[in-house]
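**Q** Structure file final.cif (mmCIF, C-alpha atoms) is given on the next line.
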```cif
data_query
#
loop_
_atom_site.label_atom_id
_atom_site.label_comp_id
_atom_site.auth_asym_id
_atom_site.auth_seq_id
_atom_site.Cartn_x
_atom_site.Cartn_y
_atom_site.Cartn_z
CA MET A 1 -15.01 -17.96 13.08
CA GLN A 2 -12.33 -15.79 11.51
CA PRO A 3 -9.77 -14.10 13.82
CA LYS A 4 -10.33 -10.38 14.33
CA THR A 5 -8.01 -7.89 12.67
CA ASN A 6 -6.91 -4.55 14.12
CA ILE A 7 -7.25 -2.84 10.75
CA GLU A 8 -10.11 -0.34 10.95
CA PHE A 9 -13.22 -0.83 8.84
CA LYS A 10 -12.71 2.51 7.04
CA ILE A 11 -9.32 1.33 5.75
CA LEU A 12 -10.67 -2.06 4.64
CA ASN A 13 -13.62 -0.29 3.01
CA GLN A 14 -11.24 2.06 1.14
CA LEU A 15 -9.35 -0.96 -0.18
CA LYS A 16 -12.56 -2.65 -1.28
CA ASN A 17 -14.59 0.29 -2.58
CA GLY A 18 -12.19 3.21 -3.06
CA ARG A 19 -12.37 4.82 -6.48
CA THR A 20 -9.05 6.70 -6.56
CA ALA A 21 -5.94 4.63 -7.37
CA ASN A 22 -8.14 1.52 -7.26
CA GLY A 23 -8.66 1.97 -3.49
CA MET A 24 -4.94 1.80 -2.69
CA VAL A 25 -3.88 2.87 0.80
CA GLY A 26 -0.42 3.48 2.20
CA ALA A 27 1.78 5.26 4.69
CA LYS A 28 5.08 7.08 4.84
CA VAL A 29 7.38 4.88 6.94
CA SER A 30 10.94 4.81 8.27
CA ALA A 31 13.46 3.49 5.78
CA THR A 32 14.71 -0.01 6.55
CA GLY A 33 17.77 0.12 4.30
CA GLN A 34 21.32 1.21 5.11
CA ASN A 35 20.51 4.92 5.30
CA PRO A 36 17.80 5.72 7.87
CA ASN A 37 17.48 9.22 6.33
CA ASN A 38 16.11 7.82 3.07
CA LYS A 39 12.43 8.37 2.28
CA ALA A 40 10.15 5.33 2.28
CA TRP A 41 6.50 4.43 1.72
CA ILE A 42 4.38 1.32 1.79
CA THR A 43 1.27 0.82 -0.30
CA VAL A 44 -1.49 -1.79 -0.03
CA LEU A 45 -3.80 -2.83 -2.84
CA MET A 46 -6.72 -5.26 -2.77
CA ILE A 47 -6.69 -7.45 -5.86
CA LYS A 48 -10.22 -8.16 -7.04
CA GLY A 49 -11.73 -10.54 -9.54
CA ALA A 50 -14.83 -9.89 -11.62
CA ASP A 51 -17.77 -12.07 -12.53
CA CYS A 52 -19.19 -10.60 -15.74
CA ARG A 53 -21.64 -13.41 -16.51
CA GLU A 54 -24.58 -11.55 -15.01
CA GLU A 55 -26.17 -8.29 -16.07
CA ILE A 56 -24.47 -6.54 -13.14
CA THR A 57 -20.75 -7.26 -12.78
CA LYS A 58 -19.88 -8.58 -9.33
CA PHE A 59 -16.42 -8.04 -7.87
CA TYR A 60 -14.88 -10.35 -5.32
CA PHE A 61 -11.74 -10.45 -3.18
CA LEU A 62 -8.73 -12.39 -4.47
CA ASN A 63 -5.84 -11.23 -2.27
CA TYR A 64 -3.77 -8.24 -1.10
CA GLU A 65 -0.46 -6.88 -2.35
CA VAL A 66 1.96 -4.76 -0.30
CA GLU A 67 4.82 -2.75 -1.80
CA TYR A 68 7.69 -1.04 0.02
CA LEU A 69 9.51 1.77 -1.85
CA GLU A 70 12.68 3.45 -0.60
CA PHE A 71 14.17 6.55 -2.21
CA ASP A 72 17.50 8.28 -1.66
CA GLU A 73 17.20 11.09 0.86
CA LYS A 74 18.18 13.62 -1.85
CA TYR A 75 15.04 12.93 -3.90
CA ASN A 76 12.69 15.92 -4.02
CA GLU A 77 9.68 15.68 -6.31
CA GLU A 78 9.48 19.45 -6.79
CA ILE A 79 13.09 19.56 -8.03
CA HIS A 80 13.48 16.17 -9.72
CA GLY A 81 9.92 15.70 -10.98
CA ASN A 82 9.36 12.32 -12.60
CA ASP A 83 13.03 11.32 -12.44
CA TRP A 84 12.20 9.32 -9.30
CA ASP A 85 13.66 6.16 -10.85
CA LEU A 86 17.15 7.70 -10.55
CA PHE A 87 16.67 7.85 -6.78
CA LEU A 88 14.94 4.51 -6.15
CA ILE A 89 17.09 2.56 -3.69
CA ARG A 90 15.00 -0.49 -2.99
CA THR A 91 11.60 -1.99 -3.57
CA GLU A 92 9.98 -5.05 -1.98
CA LYS A 93 6.68 -6.56 -3.04
CA TYR A 94 4.56 -9.08 -1.16
CA TYR A 95 1.98 -10.98 -3.25
CA ASN A 96 -0.96 -13.28 -2.59
CA ILE A 97 -1.71 -12.14 0.95
CA LYS A 98 -4.83 -14.18 1.63
CA ASP A 99 -6.58 -12.33 4.49
CA GLU A 100 -6.50 -9.34 6.84
CA ILE A 101 -4.58 -11.19 9.57
CA ALA A 102 -1.76 -12.05 7.15
CA LEU A 103 -1.88 -8.48 5.81
CA GLU A 104 -1.58 -7.06 9.31
CA ASN A 105 1.38 -9.33 10.10
CA ILE A 106 3.27 -8.08 7.03
CA LEU A 107 2.41 -4.44 7.76
CA ARG A 108 3.91 -4.81 11.26
CA ILE A 109 7.35 -4.86 9.58
CA TRP A 110 6.96 -1.08 9.13
CA LEU A 111 3.98 0.04 11.21
CA ASP A 112 3.35 -0.22 14.94
CA ASP A 113 -0.18 1.02 14.27
CA VAL A 114 -1.72 -0.38 11.08
CA ASN A 115 -4.33 2.35 11.22
CA ARG A 116 -1.76 4.91 10.04
CA LEU A 117 -2.75 3.74 6.57
CA LYS A 118 -4.54 6.37 4.47
CA PRO A 119 -5.65 6.70 0.84
CA VAL A 120 -2.48 7.13 -1.25
CA ALA A 121 -3.55 10.65 -2.25
CA ASN A 122 -2.91 11.68 1.37
CA ILE A 123 0.58 10.24 1.99
CA GLU A 124 2.84 12.36 -0.30
CA LEU A 125 3.76 9.33 -2.40
CA PRO A 126 5.73 10.44 -5.49
CA ASN A 127 3.75 10.43 -8.73
CA PHE A 128 4.69 7.44 -10.84
#
```
Could you express the structure from this file as structure tokens?
**A**
Amino acid sequence: MQPKTNIEFKILNQLKNGRTANGMVGAKVSATGQNPNNKAWITVLMIKGADCREEITKFYFLNYEVEYLEFDEKYNEEIHGNDWDLFLIRTEKYYNIKDEIALENILRIWLDDVNRLKPVANIELPNF
């Protein structure tokens, strides 16, 4: 029996079946770098494989990826537009996260409540 995760079904379902941004979810979080006033986000993506041998393509779970992005506090998308790369302070990426328990453990670095995750369209993530 697999251990139970605290990540809500609606979030896991978004990762698996979401159509926008390939189902990616995320949250605005507190910056972990030297300046606590910087702006930071995390994003989570489910990596899927495809079996195209049949008439109907079947998708299956491979792993999760988590990315942390931290921008200088002066970055403002309305003013600076797509020049976000000039303000990027730090990025961290976690690959090959094998299950929801491992995903939840990594997310705890930034989130006390993993259910703060939302579709990326709802978290004010800068347009890349």
**Q** Which residue gives the smallest distance to Ile89 in chain A among A:Asn115, A:Asn127, A:Asn76, A:Asn35, with all atoms listed in the file counted?
**A**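 The shortest atom-to-atom distance to Ile89 in chain A comes from A:Asn35.
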**Q** Just so the selection is clear, what residues does the PyMOL selection byres ((chain A and resi 69-72) around 8) cover here, as a ChimeraX atom specification?
**A** /A:31,33,38-42,67-68,73-75,84,87-92
**Q** Using 3 Å of padding on each side, determine the axis-aligned box around all atoms of range 60-67 of chain A present in the file and give its centre and edge lengths in Å to one decimal, as AutoDock Vina command-line options.
**A**
```
--center_x -5.0 --center_y -7.6 --center_z -2.8 --size_x 25.7 --size_y 15.6 --size_z 11.0
```
**Q** At what distance in Å, to one decimal, does CA of Arg116 in chain A lie from CA of Asp83 in chain A?
**A**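 Straight-line distance from CA of Asp83 in chain A to CA of Arg116 in chain A works out to 27.7 Å.
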**Q** Written as a PyMOL selection string, which residues does the PyMOL selection byres ((chain A and resi 119-121) around 12) give for the file shown?
**A** chain A and resi 10-28+41-45+115-118+122-128
**Q** Output C-alpha atoms for every residue in the selection just made, as an mmCIF file, keeping the file's coordinate frame.
**A**
```cif
data_model
loop_
_atom_site.group_PDB
_atom_site.id
_atom_site.type_symbol
_atom_site.label_atom_id
_atom_site.label_comp_id
_atom_site.auth_asym_id
_atom_site.auth_seq_id
_atom_site.Cartn_x
_atom_site.Cartn_y
_atom_site.Cartn_z
ATOM 1 C CA LYS A 10 -12.710 2.510 7.040
ATOM 2 C CA ILE A 11 -9.320 1.330 5.750
ATOM 3 C CA LEU A 12 -10.670 -2.060 4.640
ATOM 4 C CA ASN A 13 -13.620 -0.290 3.010
ATOM 5 C CA GLN A 14 -11.240 2.060 1.140
ATOM 6 C CA LEU A 15 -9.350 -0.960 -0.180
ATOM 7 C CA LYS A 16 -12.560 -2.650 -1.280
ATOM 8 C CA ASN A 17 -14.590 0.290 -2.580
ATOM 9 C CA GLY A 18 -12.190 3.210 -3.060
ATOM 10 C CA ARG A 19 -12.370 4.820 -6.480
ATOM 11 C CA THR A 20 -9.050 6.700 -6.560
ATOM 12 C CA ALA A 21 -5.940 4.630 -7.370
ATOM 13 C CA ASN A 22 -8.140 1.520 -7.260
ATOM 14 C CA GLY A 23 -8.660 1.970 -3.490
ATOM 15 C CA MET A 24 -4.940 1.800 -2.690
ATOM 16 C CA VAL A 25 -3.880 2.870 0.800
ATOM 17 C CA GLY A 26 -0.420 3.480 2.200
ATOM 18 C CA ALA A 27 1.780 5.260 4.690
ATOM 19 C CA LYS A 28 5.080 7.080 4.840
ATOM 20 C CA TRP A 41 6.500 4.430 1.720
ATOM 21 C CA ILE A 42 4.380 1.320 1.790
ATOM 22 C CA THR A 43 1.270 0.820 -0.300
ATOM 23 C CA VAL A 44 -1.490 -1.790 -0.030
ATOM 24 C CA LEU A 45 -3.800 -2.830 -2.840
ATOM 25 C CA ASN A 115 -4.330 2.350 11.220
ATOM 26 C CA ARG A 116 -1.760 4.910 10.040
ATOM 27 C CA LEU A 117 -2.750 3.740 6.570
ATOM 28 C CA LYS A 118 -4.540 6.370 4.470
ATOM 29 C CA ASN A 122 -2.910 11.680 1.370
ATOM 30 C CA ILE A 123 0.580 10.240 1.990
ATOM 31 C CA GLU A 124 2.840 12.360 -0.300
ATOM 32 C CA LEU A 125 3.760 9.330 -2.400
ATOM 33 C CA PRO A 126 5.730 10.440 -5.490
ATOM 34 C CA ASN A 127 3.750 10.430 -8.730
ATOM 35 C CA PHE A 128 4.690 7.440 -10.840
#
```
**Q** Looking at all atoms listed in the file, which of A:Ile7, A:Leu107, A:Leu86, A:Ile97 is the one that sits closest to Phe61 in chain A?
**A**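 Checking each candidate against Phe61 in chain A, we get A:Ile97 as the closest.
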**Q** Suppose a student applies the PyMOL selection byres ((chain A and resi 102) around 12) to this structure; what residues should they get, written as a ChimeraX atom specification?
**A** /A:3-7,63-66,94-101,103-109
**Q** The selected residues should be written to file as a PDB file, keeping the file's coordinate frame (atoms: C-alpha atoms).
**A**
```
ATOM      1  CA  PRO A   3      -9.770 -14.100  13.820  1.00  0.00           C
ATOM      2  CA  LYS A   4     -10.330 -10.380  14.330  1.00  0.00           C
ATOM      3  CA  THR A   5      -8.010  -7.890  12.670  1.00  0.00           C
ATOM      4  CA  ASN A   6      -6.910  -4.550  14.120  1.00  0.00           C
ATOM      5  CA  ILE A   7      -7.250  -2.840  10.750  1.00  0.00           C
ATOM      6  CA  ASN A  63      -5.840 -11.230  -2.270  1.00  0.00           C
ATOM      7  CA  TYR A  64      -3.770  -8.240  -1.100  1.00  0.00           C
ATOM      8  CA  GLU A  65      -0.460  -6.880  -2.350  1.00  0.00           C
ATOM      9  CA  VAL A  66       1.960  -4.760  -0.300  1.00  0.00           C
ATOM     10  CA  TYR A  94       4.560  -9.080  -1.160  1.00  0.00           C
ATOM     11  CA  TYR A  95       1.980 -10.980  -3.250  1.00  0.00           C
ATOM     12  CA  ASN A  96      -0.960 -13.280  -2.590  1.00  0.00           C
ATOM     13  CA  ILE A  97      -1.710 -12.140   0.950  1.00  0.00           C
ATOM     14  CA  LYS A  98      -4.830 -14.180   1.630  1.00  0.00           C
ATOM     15  CA  ASP A  99      -6.580 -12.330   4.490  1.00  0.00           C
ATOM     16  CA  GLU A 100      -6.500  -9.340   6.840  1.00  0.00           C
ATOM     17  CA  ILE A 101      -4.580 -11.190   9.570  1.00  0.00           C
ATOM     18  CA  LEU A 103      -1.880  -8.480   5.810  1.00  0.00           C
ATOM     19  CA  GLU A 104      -1.580  -7.060   9.310  1.00  0.00           C
ATOM     20  CA  ASN A 105       1.380  -9.330  10.100  1.00  0.00           C
ATOM     21  CA  ILE A 106       3.270  -8.080   7.030  1.00  0.00           C
ATOM     22  CA  LEU A 107       2.410  -4.440   7.760  1.00  0.00           C
ATOM     23  CA  ARG A 108       3.910  -4.810  11.260  1.00  0.00           C
ATOM     24  CA  ILE A 109       7.350  -4.860   9.580  1.00  0.00           C
TER      25      ILE A 109
END
```
**Q** Can you tell me, as a ChimeraX atom specification, what residues are no more than 10 Å from Ala50 in chain A when counting all atoms listed in the file, ignoring any on the same chain fewer than 2 positions away?
**A** /A:48,52-53,57-62
**Q** Please indicate the distance in Å from CA of Glu77 in chain A to CA of Asn37 in chain A, rounded to one decimal place.
**A**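 About the pair CA of Glu77 in chain A and CA of Asn37 in chain A: they are 16.2 Å apart.
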**Q** What is the CA of Leu111 in chain A-CA of Ser30 in chain A distance in Å, reported with one decimal?
**A**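 Rounded to one decimal, the two atoms are 8.9 Å apart.
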**Q** Should you be able to, write chain A of this structure into a file that contains C-alpha atoms, as a compact mmCIF listing (two decimals), in the first residue's frame.
**A**
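Wrote part-v9.txt, looks like this:
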```
# COMPACT_ATOMS: atom_id res chain seq x y z
CA MET A 1 0.00 0.00 0.00
CA GLN A 2 1.35 3.40 -0.99
CA PRO A 3 1.65 6.10 1.73
CA LYS A 4 -1.01 8.80 1.57
CA THR A 5 -0.11 12.27 0.34
CA ASN A 6 -1.58 15.54 1.61
CA ILE A 7 -1.74 16.95 -1.92
CA GLU A 8 -5.39 17.37 -2.87
CA PHE A 9 -6.85 15.32 -5.72
CA LYS A 10 -7.77 18.47 -7.70
CA ILE A 11 -4.10 19.51 -7.79
CA LEU A 12 -2.90 16.03 -8.80
CA ASN A 13 -5.65 15.90 -11.42
CA GLN A 14 -4.55 19.30 -12.81
CA LEU A 15 -1.00 17.99 -13.12
CA LYS A 16 -2.18 14.85 -14.88
CA ASN A 17 -4.98 16.18 -17.09
CA GLY A 18 -4.61 19.97 -17.22
CA ARG A 19 -4.59 21.40 -20.73
CA THR A 20 -3.06 24.84 -20.08
CA ALA A 21 0.74 24.96 -19.68
CA ASN A 22 0.75 21.15 -19.81
CA GLY A 23 -1.07 20.99 -16.45
CA MET A 24 1.63 22.92 -14.59
CA VAL A 25 0.77 24.18 -11.11
CA GLY A 26 2.65 26.57 -8.85
CA ALA A 27 2.57 29.12 -6.08
CA LYS A 28 4.05 32.49 -5.21
CA VAL A 29 6.39 31.86 -2.27
CA SER A 30 8.75 33.74 0.03
CA ALA A 31 12.20 34.25 -1.42
CA THR A 32 14.87 32.04 0.12
CA GLY A 33 17.86 34.04 -1.15
CA GLN A 34 19.73 36.90 0.51
CA ASN A 35 16.97 39.47 -0.02
CA PRO A 36 13.64 38.42 1.53
CA ASN A 37 11.93 41.20 -0.48
CA ASN A 38 12.66 39.48 -3.79
CA LYS A 39 9.78 37.88 -5.68
CA ALA A 40 9.72 34.09 -5.95
CA TRP A 41 7.59 31.31 -7.42
CA ILE A 42 7.67 27.55 -7.57
CA THR A 43 6.22 25.50 -10.39
CA VAL A 44 5.46 21.78 -10.60
CA LEU A 45 5.14 19.78 -13.80
CA MET A 46 4.23 16.12 -14.26
CA ILE A 47 6.44 14.54 -16.90
CA LYS A 48 4.49 12.02 -18.95
CA GLY A 49 5.44 9.37 -21.46
CA ALA A 50 3.33 8.27 -24.41
CA ASP A 51 2.57 4.86 -25.84
CA CYS A 52 1.66 5.46 -29.49
CA ARG A 53 1.58 1.80 -30.57
CA GLU A 54 -2.18 1.56 -30.24
CA GLU A 55 -4.90 3.40 -32.13
CA ILE A 56 -5.47 5.61 -29.08
CA THR A 57 -2.32 7.12 -27.57
CA LYS A 58 -1.99 6.32 -23.88
CA PHE A 59 -0.10 8.64 -21.55
CA TYR A 60 1.59 7.47 -18.39
CA PHE A 61 3.40 9.04 -15.44
CA LEU A 62 7.20 9.24 -15.53
CA ASN A 63 8.08 11.71 -12.76
CA TYR A 64 7.64 15.25 -11.44
CA GLU A 65 9.82 18.33 -11.84
CA VAL A 66 9.86 21.32 -9.47
CA GLU A 67 11.40 24.69 -10.32
CA TYR A 68 12.08 27.61 -7.98
CA LEU A 69 12.50 31.07 -9.59
CA GLU A 70 13.61 34.17 -7.70
CA PHE A 71 13.53 37.67 -9.20
CA ASP A 72 14.96 40.95 -7.93
CA GLU A 73 12.37 42.92 -5.99
CA LYS A 74 12.55 45.72 -8.60
CA TYR A 75 11.16 43.49 -11.37
CA ASN A 76 7.72 44.61 -12.55
CA GLU A 77 6.27 42.85 -15.57
CA GLU A 78 4.15 45.85 -16.56
CA ILE A 79 7.25 48.08 -16.71
CA HIS A 80 9.97 45.63 -17.76
CA GLY A 81 7.89 43.29 -19.92
CA ASN A 82 9.85 40.31 -21.19
CA ASP A 83 13.18 41.56 -19.85
CA TRP A 84 12.67 39.26 -16.84
CA ASP A 85 16.05 37.60 -17.48
CA LEU A 86 17.77 40.82 -16.38
CA PHE A 87 16.15 40.44 -12.97
CA LEU A 88 16.49 36.67 -12.44
CA ILE A 89 18.47 36.15 -9.24
CA ARG A 90 18.34 32.41 -8.78
CA THR A 91 16.75 29.28 -10.13
CA GLU A 92 16.71 25.76 -8.70
CA LYS A 93 15.34 22.71 -10.46
CA TYR A 94 14.53 19.32 -8.97
CA TYR A 95 14.26 16.42 -11.45
CA ASN A 96 13.08 12.82 -11.38
CA ILE A 97 10.77 13.11 -8.39
CA LYS A 98 9.29 9.61 -8.40
CA ASP A 99 6.03 9.96 -6.43
CA GLU A 100 3.69 12.30 -4.56
CA ILE A 101 5.34 11.71 -1.17
CA ALA A 102 8.74 12.76 -2.54
CA LEU A 103 7.07 15.71 -4.31
CA GLU A 104 5.42 16.82 -1.08
CA ASN A 105 8.73 16.59 0.82
CA ILE A 106 10.43 18.89 -1.71
CA LEU A 107 7.51 21.34 -1.74
CA ARG A 108 7.78 21.67 2.06
CA ILE A 109 10.98 23.69 1.48
CA TRP A 110 8.71 26.59 0.45
CA LEU A 111 5.14 25.68 1.42
CA ASP A 112 3.65 24.88 4.80
CA ASP A 113 0.45 23.93 2.98
CA VAL A 114 1.04 22.10 -0.31
CA ASN A 115 -2.54 22.85 -1.29
CA ARG A 116 -1.62 26.48 -1.99
CA LEU A 117 -0.65 25.18 -5.42
CA LYS A 118 -2.84 26.44 -8.27
CA PRO A 119 -2.75 26.31 -12.07
CA VAL A 120 0.10 28.60 -13.20
CA ALA A 121 -2.38 30.93 -14.91
CA ASN A 122 -3.58 31.92 -11.42
CA ILE A 123 -0.29 32.68 -9.63
CA GLU A 124 0.97 35.86 -11.42
CA LEU A 125 4.03 34.02 -12.76
CA PRO A 126 5.89 36.25 -15.25
CA ASN A 127 5.38 35.32 -18.91
CA PHE A 128 8.44 33.54 -20.25
```
